file data-v5.cif (mmCIF, C-alpha atoms and all ligand atoms)
data_coords
#
loop_
_atom_site.label_atom_id
_atom_site.label_comp_id
_atom_site.auth_asym_id
_atom_site.auth_seq_id
_atom_site.Cartn_x
_atom_site.Cartn_y
_atom_site.Cartn_z
CA MET M 1 146.37 29.25 103.43
CA PHE M 2 143.90 27.74 101.03
CA GLY M 3 140.94 28.36 103.27
CA PHE M 4 138.80 29.66 100.45
CA ILE M 5 139.32 26.44 98.50
CA LYS M 6 138.36 24.38 101.52
CA ARG M 7 135.23 26.42 102.08
CA LYS M 8 134.28 25.94 98.47
CA GLN M 9 134.84 22.20 98.78
CA LYS M 10 132.81 21.93 101.96
CA ASN M 11 129.69 22.91 100.02
CA THR M 12 130.06 20.22 97.42
CA PRO M 13 127.96 17.08 98.05
CA GLU M 14 130.87 14.58 97.81
CA THR M 15 132.77 16.16 100.67
CA THR M 16 130.05 17.49 102.98
CA GLN M 17 129.66 14.49 105.23
CA SER M 18 131.79 11.55 106.10
CA THR M 19 130.05 8.37 107.14
CA SER M 20 132.80 6.56 109.00
CA GLU M 21 133.26 7.26 112.68
CA THR M 22 137.02 7.43 112.37
CA GLN M 23 136.73 10.08 109.72
CA THR M 24 134.38 12.10 111.92
CA SER M 25 136.72 12.00 114.88
CA SER M 26 139.64 12.84 112.61
CA ASN M 27 137.70 15.84 111.26
CA GLU M 28 136.99 16.97 114.81
CA ASN M 29 140.67 16.62 115.69
CA VAL M 30 141.64 18.67 112.65
CA SER M 31 139.17 21.45 113.51
CA GLU M 32 140.39 21.62 117.09
CA LEU M 33 144.02 21.55 115.99
CA SER M 34 143.39 24.10 113.32
CA HIS M 35 142.03 26.49 115.93
CA SER M 36 145.04 25.87 118.20
CA LEU M 37 147.51 26.32 115.37
CA GLU M 38 145.92 29.63 114.36
CA LYS M 39 149.14 31.65 114.64
CA THR M 40 151.22 29.32 112.48
CA ARG M 41 148.32 28.91 110.09
CA ARG M 42 148.16 32.67 109.63
CA THR M 43 151.87 32.84 108.92
CA PHE M 44 151.27 30.45 106.04
CA ALA M 45 148.17 32.27 104.89
CA ASP M 46 149.29 35.91 105.04
CA GLY M 47 149.74 37.24 101.57
CA MET M 48 148.94 33.95 99.86
CA ALA M 49 145.22 34.42 99.35
CA ASP M 50 145.80 37.37 97.01
CA PHE M 51 147.94 35.24 94.76
CA LEU M 52 145.52 32.39 94.66
CA LEU M 53 142.36 34.42 94.33
CA GLY M 54 143.80 36.76 91.75
CA LYS M 55 145.45 34.27 89.44
CA LYS M 56 144.39 31.01 87.98
CA ASN M 57 147.84 30.21 86.69
CA ILE M 58 150.52 28.85 88.91
CA ASN M 59 153.67 30.87 88.44
CA SER M 60 157.07 31.33 90.01
CA GLU M 61 155.87 34.36 91.97
CA LEU M 62 153.42 32.12 93.76
CA LEU M 63 156.10 29.57 94.61
CA GLU M 64 158.39 32.33 95.88
CA ALA M 65 155.65 33.65 98.13
CA LEU M 66 155.01 30.15 99.41
CA GLU M 67 158.72 29.66 100.07
CA THR M 68 158.85 32.85 102.14
CA ARG M 69 155.79 31.79 104.13
CA LEU M 70 157.25 28.36 104.86
CA LEU M 71 160.53 29.86 106.05
CA SER M 72 158.68 32.41 108.23
CA ALA M 73 156.89 29.57 109.98
CA ASP M 74 160.27 27.96 110.76
CA VAL M 75 159.78 25.02 108.44
CA GLY M 76 163.53 25.30 107.85
CA ILE M 77 165.58 25.47 104.68
CA ASP M 78 165.85 21.73 104.14
CA ALA M 79 162.14 20.90 104.27
CA THR M 80 161.20 24.12 102.44
CA THR M 81 163.57 23.26 99.59
CA THR M 82 162.05 19.79 99.31
CA ILE M 83 158.53 21.23 99.19
CA ILE M 84 159.29 23.93 96.62
CA ASP M 85 161.42 21.63 94.42
CA GLU M 86 158.76 18.93 94.32
CA LEU M 87 156.02 21.44 93.49
CA GLN M 88 158.20 23.05 90.83
CA ASN M 89 158.85 19.65 89.33
CA ASP M 90 155.15 18.84 89.06
CA ILE M 91 154.38 22.26 87.67
CA SER M 92 157.09 21.91 85.01
CA ARG M 93 155.75 18.59 83.81
CA LYS M 94 152.18 19.95 83.94
CA ALA M 95 151.09 17.54 86.67
CA ILE M 96 149.91 20.61 88.56
CA THR M 97 147.95 23.16 86.58
CA ASP M 98 145.60 24.74 89.09
CA THR M 99 145.52 25.77 92.74
CA ASP M 100 143.42 22.77 93.83
CA ALA M 101 146.08 20.39 92.53
CA LEU M 102 148.78 22.53 94.11
CA HIS M 103 147.01 22.39 97.44
CA ALA M 104 146.64 18.61 97.29
CA LYS M 105 150.27 18.09 96.33
CA LEU M 106 151.50 20.49 99.00
CA ALA M 107 149.58 18.53 101.64
CA THR M 108 151.01 15.23 100.39
CA ILE M 109 154.60 16.47 100.46
CA MET M 110 154.22 17.98 103.92
CA LYS M 111 152.66 14.79 105.29
CA ASP M 112 155.46 12.70 103.77
CA ILE M 113 158.05 14.85 105.54
CA LEU M 114 156.36 14.53 108.95
CA GLN M 115 155.26 10.90 108.69
CA PRO M 116 158.51 9.34 110.01
CA CYS M 117 158.10 11.33 113.25
CA GLU M 118 154.67 9.90 113.92
CA GLN M 119 155.53 7.06 116.26
CA GLY M 120 153.19 6.66 119.20
CA LEU M 121 154.61 5.69 122.56
CA ASP M 122 153.97 2.03 123.34
CA THR M 123 154.07 1.71 127.11
CA ASP M 124 153.25 -2.00 127.22
CA SER M 125 156.80 -3.20 126.67
CA ALA M 126 157.78 -2.89 130.36
CA LYS M 127 156.16 -2.67 133.77
CA PRO M 128 156.57 -0.20 135.21
CA PHE M 129 157.29 1.66 131.98
CA VAL M 130 159.63 4.47 133.02
CA ILE M 131 159.43 7.81 131.22
CA LEU M 132 162.21 10.27 132.04
CA VAL M 133 161.16 13.78 131.08
CA VAL M 134 163.94 16.27 130.30
CA GLY M 135 164.25 19.71 128.75
CA ILE M 136 165.30 23.27 129.48
CA ASN M 137 163.54 25.33 132.12
CA GLY M 138 160.12 26.59 131.19
CA ALA M 139 159.73 24.25 128.22
CA GLY M 140 156.62 22.76 129.77
CA LYS M 141 157.94 19.54 131.37
CA THR M 142 155.93 19.53 134.57
CA THR M 143 152.74 20.64 132.84
CA SER M 144 153.18 17.99 130.15
CA ILE M 145 153.70 15.35 132.84
CA GLY M 146 150.37 16.36 134.38
CA LYS M 147 148.70 16.07 130.98
CA LEU M 148 150.44 12.75 130.29
CA ALA M 149 149.16 11.32 133.58
CA ASN M 150 145.65 12.27 132.47
CA HIS M 151 146.22 10.76 129.01
CA PHE M 152 147.44 7.42 130.34
CA LYS M 153 144.78 7.23 133.04
CA LYS M 154 142.14 7.64 130.35
CA GLN M 155 143.69 4.58 128.69
CA GLY M 156 143.06 2.68 131.91
CA LYS M 157 146.71 2.63 133.01
CA SER M 158 147.90 3.21 136.55
CA VAL M 159 150.39 6.06 136.82
CA MET M 160 152.88 7.32 139.39
CA LEU M 161 154.89 10.55 139.26
CA ALA M 162 158.42 11.13 140.55
CA ALA M 163 159.49 14.62 141.61
CA GLY M 164 163.01 14.58 140.21
CA ASP M 165 163.25 18.38 139.98
CA THR M 166 164.65 18.95 143.43
CA PHE M 167 166.51 22.11 142.44
CA ARG M 168 163.66 24.61 142.53
CA ALA M 169 161.58 24.98 145.70
CA ALA M 170 158.22 25.20 143.97
CA ALA M 171 158.86 22.34 141.55
CA VAL M 172 157.82 19.55 143.91
CA GLU M 173 154.57 21.30 144.87
CA GLN M 174 153.76 21.95 141.21
CA LEU M 175 154.07 18.24 140.45
CA GLN M 176 152.09 17.32 143.56
CA GLU M 177 149.26 19.55 142.37
CA TRP M 178 149.16 17.68 139.08
CA GLY M 179 149.20 14.44 141.05
CA GLN M 180 146.14 15.55 143.00
CA ARG M 181 144.29 16.70 139.90
CA ASN M 182 144.83 13.29 138.35
CA SER M 183 144.48 11.31 141.60
CA VAL M 184 147.85 9.67 141.03
CA PRO M 185 150.58 9.21 143.67
CA VAL M 186 153.65 11.46 143.61
CA ILE M 187 156.92 10.25 145.09
CA ALA M 188 158.94 13.18 146.40
CA GLN M 189 161.68 14.08 148.82
CA GLY M 190 162.54 17.64 149.76
CA THR M 191 164.23 20.37 147.77
CA GLY M 192 167.92 19.59 147.43
CA ALA M 193 167.43 15.81 147.56
CA ASP M 194 169.34 13.66 145.08
CA PRO M 195 167.10 13.35 142.00
CA ALA M 196 168.53 9.96 141.06
CA SER M 197 167.59 8.61 144.47
CA VAL M 198 164.06 10.10 144.32
CA ILE M 199 163.44 8.50 140.94
CA PHE M 200 165.04 5.20 141.99
CA ASP M 201 162.74 5.05 145.04
CA ALA M 202 159.75 5.88 142.87
CA VAL M 203 160.49 3.06 140.45
CA GLU M 204 160.91 0.58 143.32
CA SER M 205 157.65 1.74 144.83
CA ALA M 206 155.87 1.52 141.45
CA SER M 207 157.16 -2.03 141.00
CA SER M 208 155.90 -3.13 144.39
CA LYS M 209 152.48 -1.55 143.74
CA ASN M 210 152.18 -3.02 140.26
CA ILE M 211 151.95 0.45 138.66
CA ASP M 212 151.96 0.53 134.85
CA ILE M 213 153.73 3.81 134.13
CA ILE M 214 156.05 6.06 136.06
CA ILE M 215 156.79 9.55 134.80
CA ALA M 216 159.79 11.35 136.27
CA ASP M 217 160.17 15.12 136.28
CA THR M 218 163.67 16.64 136.17
CA ALA M 219 165.20 20.07 136.60
CA GLY M 220 165.44 22.34 133.57
CA ARG M 221 168.29 24.36 134.94
CA LEU M 222 171.14 23.75 137.35
CA HIS M 223 174.15 25.93 138.07
CA THR M 224 175.58 25.06 134.67
CA GLN M 225 174.50 23.10 131.64
CA ASP M 226 177.25 20.56 132.37
CA ASN M 227 175.82 20.00 135.86
CA LEU M 228 172.45 19.33 134.32
CA MET M 229 173.72 16.82 131.79
CA ASP M 230 175.81 15.07 134.48
CA GLU M 231 172.76 14.83 136.72
CA LEU M 232 170.58 13.40 133.95
CA ALA M 233 173.28 10.91 133.00
CA LYS M 234 173.50 9.85 136.66
CA ILE M 235 169.72 9.34 136.84
CA LYS M 236 169.94 7.08 133.80
CA ARG M 237 172.85 5.13 135.28
CA VAL M 238 171.12 4.62 138.60
CA LEU M 239 167.87 3.54 136.94
CA ALA M 240 169.70 1.01 134.81
CA LYS M 241 170.86 -0.72 138.00
CA LEU M 242 167.23 -1.46 138.79
CA ASP M 243 166.21 -2.40 135.28
CA ALA M 244 168.79 -2.47 132.49
CA SER M 245 166.20 -1.29 129.96
CA ALA M 246 165.10 1.73 132.05
CA PRO M 247 164.33 4.50 131.38
CA HIS M 248 162.21 3.07 128.58
CA GLU M 249 161.61 6.53 127.19
CA THR M 250 163.82 9.58 127.55
CA MET M 251 161.50 12.29 126.33
CA ILE M 252 162.54 15.86 125.74
CA VAL M 253 159.91 18.52 126.13
CA MET M 254 160.58 21.32 123.68
CA ASP M 255 158.92 24.74 123.43
CA ALA M 256 157.94 25.23 119.77
CA GLY M 257 158.18 29.00 120.25
CA PHE M 258 161.96 28.78 120.52
CA GLY M 259 162.04 27.74 116.88
CA GLN M 260 165.44 26.80 115.54
CA ASN M 261 167.11 27.49 118.92
CA ALA M 262 165.06 24.71 120.47
CA LEU M 263 166.40 22.33 117.86
CA HIS M 264 169.93 23.17 118.88
CA GLN M 265 169.11 22.56 122.55
CA ALA M 266 167.42 19.26 121.79
CA GLN M 267 170.49 18.18 119.84
CA GLN M 268 172.68 18.93 122.89
CA PHE M 269 170.47 16.80 125.12
CA HIS M 270 170.50 14.06 122.51
CA ASP M 271 174.28 14.11 122.24
CA SER M 272 174.75 14.08 126.03
CA ILE M 273 172.16 11.62 127.29
CA GLY M 274 170.42 10.07 124.27
CA LEU M 275 166.76 10.86 123.62
CA THR M 276 164.10 8.46 122.38
CA GLY M 277 161.20 10.84 121.82
CA MET M 278 159.86 14.35 122.13
CA ALA M 279 156.85 16.35 123.14
CA VAL M 280 156.61 19.69 121.36
CA THR M 281 154.67 22.18 123.47
CA LYS M 282 153.07 25.61 123.12
CA LEU M 283 152.13 25.17 119.48
CA ASP M 284 149.05 27.24 120.32
CA GLY M 285 151.12 30.28 121.25
CA THR M 286 153.55 30.50 118.37
CA ALA M 287 153.76 31.26 114.67
CA LYS M 288 156.72 28.88 114.47
CA GLY M 289 154.76 25.63 114.37
CA GLY M 290 156.64 24.74 111.20
CA ILE M 291 159.46 23.67 113.53
CA LEU M 292 157.98 20.16 113.37
CA PHE M 293 159.26 19.94 109.78
CA SER M 294 162.75 20.95 110.88
CA ILE M 295 162.60 18.33 113.61
CA ALA M 296 161.64 15.71 111.04
CA ARG M 297 164.57 16.67 108.85
CA THR M 298 167.33 17.27 111.39
CA LEU M 299 166.67 15.53 114.72
CA LYS M 300 164.61 12.72 113.22
CA LEU M 301 163.26 11.83 116.67
CA PRO M 302 159.76 10.46 117.20
CA VAL M 303 157.36 13.25 118.12
CA ARG M 304 155.18 11.46 120.66
CA PHE M 305 152.92 14.34 121.67
CA ILE M 306 152.15 17.96 120.88
CA GLY M 307 151.05 20.55 123.43
CA ILE M 308 148.35 22.95 122.28
CA GLY M 309 147.32 24.76 125.46
CA GLU M 310 147.60 24.91 129.22
CA GLY M 311 144.60 22.68 130.00
CA ILE M 312 144.83 19.08 131.12
CA ASP M 313 143.50 17.77 127.78
CA ASP M 314 145.77 19.97 125.67
CA LEU M 315 148.37 17.33 124.93
CA LYS M 316 147.66 15.19 121.86
CA PRO M 317 149.39 12.19 120.33
CA PHE M 318 151.12 13.51 117.24
CA ASN M 319 149.36 12.70 113.99
CA ALA M 320 151.23 13.94 110.88
CA SER M 321 148.23 13.92 108.58
CA GLU M 322 145.94 15.78 110.97
CA PHE M 323 148.68 18.30 111.72
CA VAL M 324 149.14 19.17 108.04
CA ASP M 325 145.39 19.26 107.38
CA ALA M 326 145.00 21.64 110.32
CA LEU M 327 147.75 23.92 108.99
CA LEU M 328 146.32 24.04 105.49
CA GLU M 329 142.66 24.26 106.52
N1 LIG V 1 149.98 27.86 125.91
C1 LIG V 1 150.64 26.80 126.36
N2 LIG V 1 151.31 26.87 127.51
C2 LIG V 1 151.97 25.77 127.95
C3 LIG V 1 151.99 24.55 127.21
N3 LIG V 1 152.74 23.66 127.89
C4 LIG V 1 153.17 24.31 129.01
N4 LIG V 1 152.72 25.58 129.04
C5 LIG V 1 152.98 26.62 130.06
O1 LIG V 1 154.38 26.86 130.12
C6 LIG V 1 154.74 27.30 131.43
C7 LIG V 1 155.95 26.52 131.92
O2 LIG V 1 155.55 25.16 132.08
P1 LIG V 1 156.24 24.18 133.13
O3 LIG V 1 155.55 22.88 132.97
O4 LIG V 1 156.32 24.77 134.48
O5 LIG V 1 157.70 24.10 132.50
P2 LIG V 1 158.95 23.27 133.03
O6 LIG V 1 159.67 22.77 131.83
O7 LIG V 1 158.52 22.26 134.03
O8 LIG V 1 159.82 24.41 133.71
P3 LIG V 1 160.96 24.24 134.86
O9 LIG V 1 160.37 23.42 135.95
O10 LIG V 1 161.24 25.66 135.28
O11 LIG V 1 162.14 23.62 134.22
C8 LIG V 1 153.49 27.11 132.29
O12 LIG V 1 152.88 28.37 132.45
C9 LIG V 1 152.61 26.19 131.45
O13 LIG V 1 151.23 26.38 131.71
C10 LIG V 1 151.27 24.52 125.96
O14 LIG V 1 151.23 23.51 125.23
N5 LIG V 1 150.63 25.66 125.60
MG MG V 2 159.05 21.92 135.97
#
call {"tool": "encode", "arguments": {"input": "data-v5.cif", "output": "structure tokens", "more": "lines below"}}
Ligand SMILES: Nc1nc2c(ncn2[C@@H]2O[C@H](COP(=O)(O)OP(=O)(O)OP(=O)(O)O)[C@@H](O)[C@H]2O)c(=O)[nH]1
Ligand SMILES: [Mg+2]
result
Amino acid sequence: MFGFIKRKQKNTPETTQSTSETQTSSNENVSELSHSLEKTRRTFADGMADFLLGKKNINSELLEALETRLLSADVGIDATTTIIDELQNDISRKAITDTDALHAKLATIMKDILQPCEQGLDTDSAKPFVILVVGINGAGKTTSIGKLANHFKKQGKSVMLAAGDTFRAAAVEQLQEWGQRNSVPVIAQGTGADPASVIFDAVESASSKNIDIIIADTAGRLHTQDNLMDELAKIKRVLAKLDASAPHETMIVMDAGFGQNALHQAQQFHDSIGLTGMAVTKLDGTAKGGILFSIARTLKLPVRFIGIGEGIDDLKPFNASEFVDALLE
């Protein structure tokens, strides 16, 4: 939304080049993210530039416009209220007097809201480390598993996949394709097999082969939502027989485009089976990327990864600071 300020800053000598390698890679991440988050970024930006270009003074009209933009991007009432109240506070006590200061403060507040959700997944605490992937149909589970396999392999870990979605005929083949692309083994039985037994076998096999990480796919839809929750609870029970601490991560994959509805669904999964982390997908295809702020305020679950495209490299560890910088670029 403050693109013109950024462009102006980019030409000033102090900010043109960063010397540290970390900073360079962070800048690259922000540019890539910024491109992927284009739709949400535009929701923030629409209508704001006029205010900022036309007026030097910060006034209540500007804050109202900002509030509307935040709500349109699904930032949610709670986080939006925090942002506007804190800005208003600083404006009242003259700590913010121009748009540059407003921009800086806005970024700080937004980063503070998201920071608690930035908790990377540490897969070294168990071997095999078992990740159970859950979520409603079409959220992006199987695709994210394929991307995760690629991510972990790049870290030098050995990975195995378990085809726990035995409900839909094509589900096993879809996972097997991802297995082939990543050159990782996929443990599968046929359609209609008991998912808990497929995943149990996979974990036993991973143990015997000294595999680091096992990622289990599950169905997104059964005959009823109760069936689904019962099945997932059974998978967890059966796994715990093998290793009391397994699954080590129960990760929900959530489609950002569902906005507030996705939050409600995630809460249902959390209440039924207990979640330990999330991957928020399809941030590239939605104007509702602000949902991350609602997640931070309501679900308070670690956001392990974000999905920003259909390609194998389009799943990134969530970084709160880069995310906000990309949105405000
Ligand atoms: N643009 C975009 N598309 C994505 C992303 N993640 C997944 N998709 C697409 O979303 C669609 C559904 O993904 P799947 O991985 O099959 O979803 P699923 O949760 O396994 O679905 P079910 O097996 O039916 O429960 C596919 O076309 C994916 O390519 C993302 O981050 N961005
Ligand atoms: Mg699937």
call {"tool": "residues_near_ligand", "arguments": {"input": "data-v5.cif", "ligand": "ligand MG 2 (chain V)", "cutoff": "6 Å", "atoms": "only C-alpha atoms and all ligand atoms", "output": "list of chain:residue names"}}
result
M:Lys141, M:Thr142, M:Ala171
call {"tool": "residues_around", "arguments": {"input": "data-v5.cif", "residues": "Thr82 (chain M)", "least_positions_apart": "6", "cutoff": "10 Å", "atoms": "only C-alpha atoms", "output": "VMD selection string"}}
result
chain M and resid 88 109 to 110 113
call {"tool": "residues_near_ligand", "arguments": {"input": "data-v5.cif", "ligand": "ligand LIG 1 (chain V)", "cutoff": "8 Å", "atoms": "only C-alpha atoms and all ligand atoms", "output": "ChimeraX atom specification"}}
result
/M:134-145,165,168,171,174,217-221,253,255,280-285,306-311,314-315
call {"tool": "atom_distance", "arguments": {"input": "data-v5.cif", "atom1": "CA of Leu114 (chain M)", "atom2": "CA of Gly156 (chain M)"}}
result
29.1 Å
call {"tool": "axis_aligned_box", "arguments": {"input": "data-v5.cif", "around": "region 106-122 of chain M", "padding_each_side": "8 Å", "output": "JSON"}}
result
{"center_x": 154.0, "center_y": 11.3, "center_z": 111.2, "size_x": 24.9, "size_y": 34.5, "size_z": 40.3}
call {"tool": "residues_near_point", "arguments": {"input": "data-v5.cif", "point": "(152.1, 9.1, 108.1)", "cutoff": "12 Å", "atoms": "all atoms listed in the file", "output": "PDB file with C-alpha atoms, in the frame of the given file"}}
result
ATOM      1  CA  ALA M 107     149.580  18.530 101.640  1.00  0.00           C
ATOM      2  CA  THR M 108     151.010  15.230 100.390  1.00  0.00           C
ATOM      3  CA  ILE M 109     154.600  16.470 100.460  1.00  0.00           C
ATOM      4  CA  MET M 110     154.220  17.980 103.920  1.00  0.00           C
ATOM      5  CA  LYS M 111     152.660  14.790 105.290  1.00  0.00           C
ATOM      6  CA  ASP M 112     155.460  12.700 103.770  1.00  0.00           C
ATOM      7  CA  ILE M 113     158.050  14.850 105.540  1.00  0.00           C
ATOM      8  CA  LEU M 114     156.360  14.530 108.950  1.00  0.00           C
ATOM      9  CA  GLN M 115     155.260  10.900 108.690  1.00  0.00           C
ATOM     10  CA  PRO M 116     158.510   9.340 110.010  1.00  0.00           C
ATOM     11  CA  CYS M 117     158.100  11.330 113.250  1.00  0.00           C
ATOM     12  CA  GLU M 118     154.670   9.900 113.920  1.00  0.00           C
ATOM     13  CA  GLN M 119     155.530   7.060 116.260  1.00  0.00           C
ATOM     14  CA  GLY M 120     153.190   6.660 119.200  1.00  0.00           C
ATOM     15  CA  ALA M 296     161.640  15.710 111.040  1.00  0.00           C
ATOM     16  CA  PRO M 302     159.760  10.460 117.200  1.00  0.00           C
ATOM     17  CA  PHE M 318     151.120  13.510 117.240  1.00  0.00           C
ATOM     18  CA  ASN M 319     149.360  12.700 113.990  1.00  0.00           C
ATOM     19  CA  ALA M 320     151.230  13.940 110.880  1.00  0.00           C
ATOM     20  CA  SER M 321     148.230  13.920 108.580  1.00  0.00           C
ATOM     21  CA  GLU M 322     145.940  15.780 110.970  1.00  0.00           C
ATOM     22  CA  PHE M 323     148.680  18.300 111.720  1.00  0.00           C
ATOM     23  CA  VAL M 324     149.140  19.170 108.040  1.00  0.00           C
TER      24      VAL M 324
END
call {"tool": "residues_around", "arguments": {"input": "data-v5.cif", "residues": "His35 (chain M)", "least_positions_apart": "4", "cutoff": "10 Å", "atoms": "only C-alpha atoms", "output": "PDB file with C-alpha atoms, in the coordinates of the input"}}
result
ATOM      1  CA  ASN M  29     140.670  16.620 115.690  1.00  0.00           C
ATOM      2  CA  VAL M  30     141.640  18.670 112.650  1.00  0.00           C
ATOM      3  CA  SER M  31     139.170  21.450 113.510  1.00  0.00           C
ATOM      4  CA  LYS M  39     149.140  31.650 114.640  1.00  0.00           C
ATOM      5  CA  ARG M  41     148.320  28.910 110.090  1.00  0.00           C
ATOM      6  CA  ASP M 284     149.050  27.240 120.320  1.00  0.00           C
ATOM      7  CA  ILE M 308     148.350  22.950 122.280  1.00  0.00           C
ATOM      8  CA  ALA M 326     145.000  21.640 110.320  1.00  0.00           C
ATOM      9  CA  LEU M 327     147.750  23.920 108.990  1.00  0.00           C
ATOM     10  CA  GLU M 329     142.660  24.260 106.520  1.00  0.00           C
TER      11      GLU M 329
END
call {"tool": "atom_distance", "arguments": {"input": "data-v5.cif", "atom1": "CA of Ala149 (chain M)", "atom2": "CA of Asn182 (chain M)"}}
result
6.7 Å
call {"tool": "closest_residue", "arguments": {"input": "data-v5.cif", "among": "M:Ala216, M:Leu148, M:Val172, M:Leu63", "to": "Leu121 (chain M)", "atoms": "all atoms listed in the file"}}
result
M:Leu148
call {"tool": "closest_residue", "arguments": {"input": "data-v5.cif", "among": "M:Asp124, M:Ser72, M:Lys241, M:Glu177", "to": "Arg42 (chain M)", "atoms": "only C-alpha atoms"}}
result
M:Ser72
call {"tool": "atom_distance", "arguments": {"input": "data-v5.cif", "atom1": "CA of Ile131 (chain M)", "atom2": "CA of Ser205 (chain M)"}}
result
15.0 Å
call {"tool": "residues_around", "arguments": {"input": "data-v5.cif", "residues": "Leu87 (chain M)", "least_positions_apart": "6", "cutoff": "12 Å", "atoms": "only C-alpha atoms", "output": "PDB file with C-alpha atoms, keeping the file's coordinate frame"}}
result
ATOM      1  CA  ILE M  58     150.520  28.850  88.910  1.00  0.00           C
ATOM      2  CA  ASN M  59     153.670  30.870  88.440  1.00  0.00           C
ATOM      3  CA  SER M  60     157.070  31.330  90.010  1.00  0.00           C
ATOM      4  CA  LEU M  62     153.420  32.120  93.760  1.00  0.00           C
ATOM      5  CA  LEU M  63     156.100  29.570  94.610  1.00  0.00           C
ATOM      6  CA  GLU M  64     158.390  32.330  95.880  1.00  0.00           C
ATOM      7  CA  LEU M  66     155.010  30.150  99.410  1.00  0.00           C
ATOM      8  CA  GLU M  67     158.720  29.660 100.070  1.00  0.00           C
ATOM      9  CA  THR M  80     161.200  24.120 102.440  1.00  0.00           C
ATOM     10  CA  THR M  81     163.570  23.260  99.590  1.00  0.00           C
ATOM     11  CA  ARG M  93     155.750  18.590  83.810  1.00  0.00           C
ATOM     12  CA  LYS M  94     152.180  19.950  83.940  1.00  0.00           C
ATOM     13  CA  ALA M  95     151.090  17.540  86.670  1.00  0.00           C
ATOM     14  CA  ILE M  96     149.910  20.610  88.560  1.00  0.00           C
ATOM     15  CA  THR M  97     147.950  23.160  86.580  1.00  0.00           C
ATOM     16  CA  ASP M  98     145.600  24.740  89.090  1.00  0.00           C
ATOM     17  CA  THR M  99     145.520  25.770  92.740  1.00  0.00           C
ATOM     18  CA  ALA M 101     146.080  20.390  92.530  1.00  0.00           C
ATOM     19  CA  LEU M 102     148.780  22.530  94.110  1.00  0.00           C
ATOM     20  CA  HIS M 103     147.010  22.390  97.440  1.00  0.00           C
ATOM     21  CA  ALA M 104     146.640  18.610  97.290  1.00  0.00           C
ATOM     22  CA  LYS M 105     150.270  18.090  96.330  1.00  0.00           C
ATOM     23  CA  LEU M 106     151.500  20.490  99.000  1.00  0.00           C
ATOM     24  CA  ALA M 107     149.580  18.530 101.640  1.00  0.00           C
ATOM     25  CA  THR M 108     151.010  15.230 100.390  1.00  0.00           C
ATOM     26  CA  ILE M 109     154.600  16.470 100.460  1.00  0.00           C
ATOM     27  CA  MET M 110     154.220  17.980 103.920  1.00  0.00           C
TER      28      MET M 110
END
call {"tool": "closest_residue", "arguments": {"input": "data-v5.cif", "among": "M:Ile84, M:Leu299, M:Val186, M:Val130", "to": "Thr250 (chain M)", "atoms": "all atoms listed in the file"}}
result
M:Val130
call {"tool": "closest_residue", "arguments": {"input": "data-v5.cif", "among": "M:His264, M:His223, M:Lys127, M:His270", "to": "Lys209 (chain M)", "atoms": "only C-alpha atoms"}}
result
M:Lys127
call {"tool": "closest_residue", "arguments": {"input": "data-v5.cif", "among": "M:Ser158, M:Thr286, M:Ser92, M:Gln268", "to": "Ile213 (chain M)", "atoms": "all atoms listed in the file"}}
result
M:Ser158
call {"tool": "residues_around", "arguments": {"input": "data-v5.cif", "residues": "region 233-237 of chain M", "least_positions_apart": "3", "cutoff": "8 Å", "atoms": "all atoms listed in the file", "output": "PyMOL selection string"}}
result
chain M and resi 195-197+199+229-230+240-241+246-247+272-273
call {"tool": "write_last_selection", "arguments": {"input": "data-v5.cif", "atoms": "C-alpha atoms", "output": "tab-separated table (two decimals), in the coordinates of the input"}}
result
chain	number	residue	atom	x	y	z
M	195	PRO	CA	167.10	13.35	142.00
M	196	ALA	CA	168.53	9.96	141.06
M	197	SER	CA	167.59	8.61	144.47
M	199	ILE	CA	163.44	8.50	140.94
M	229	MET	CA	173.72	16.82	131.79
M	230	ASP	CA	175.81	15.07	134.48
M	240	ALA	CA	169.70	1.01	134.81
M	241	LYS	CA	170.86	-0.72	138.00
M	246	ALA	CA	165.10	1.73	132.05
M	247	PRO	CA	164.33	4.50	131.38
M	272	SER	CA	174.75	14.08	126.03
M	273	ILE	CA	172.16	11.62	127.29
call {"tool": "decode", "arguments": {"input": "data-v5.cif", "residues": "region 102-108 of chain M", "atoms": "N, CA and C atoms", "output": "CSV table (one decimal), in the first residue's frame"}}
result
chain,number,residue,atom,x,y,z
M,102,LEU,N,4.1,6.3,9.9
M,102,LEU,CA,2.9,5.5,10.0
M,102,LEU,C,3.2,4.1,9.4
M,103,HIS,N,3.9,4.1,8.2
M,103,HIS,CA,4.2,2.9,7.6
M,103,HIS,C,5.1,2.0,8.4
M,104,ALA,N,6.1,2.6,9.1
M,104,ALA,CA,7.0,1.9,9.9
M,104,ALA,C,6.2,1.3,11.1
M,105,LYS,N,5.4,2.1,11.7
M,105,LYS,CA,4.6,1.6,12.9
M,105,LYS,C,3.7,0.5,12.5
M,106,LEU,N,3.0,0.7,11.4
M,106,LEU,CA,2.1,-0.3,10.9
M,106,LEU,C,2.8,-1.7,10.7
M,107,ALA,N,3.9,-1.6,10.1
M,107,ALA,CA,4.7,-2.9,9.9
M,107,ALA,C,5.1,-3.5,11.2
M,108,THR,N,5.5,-2.7,12.2
M,108,THR,CA,5.9,-3.2,13.5
M,108,THR,C,4.7,-3.9,14.2
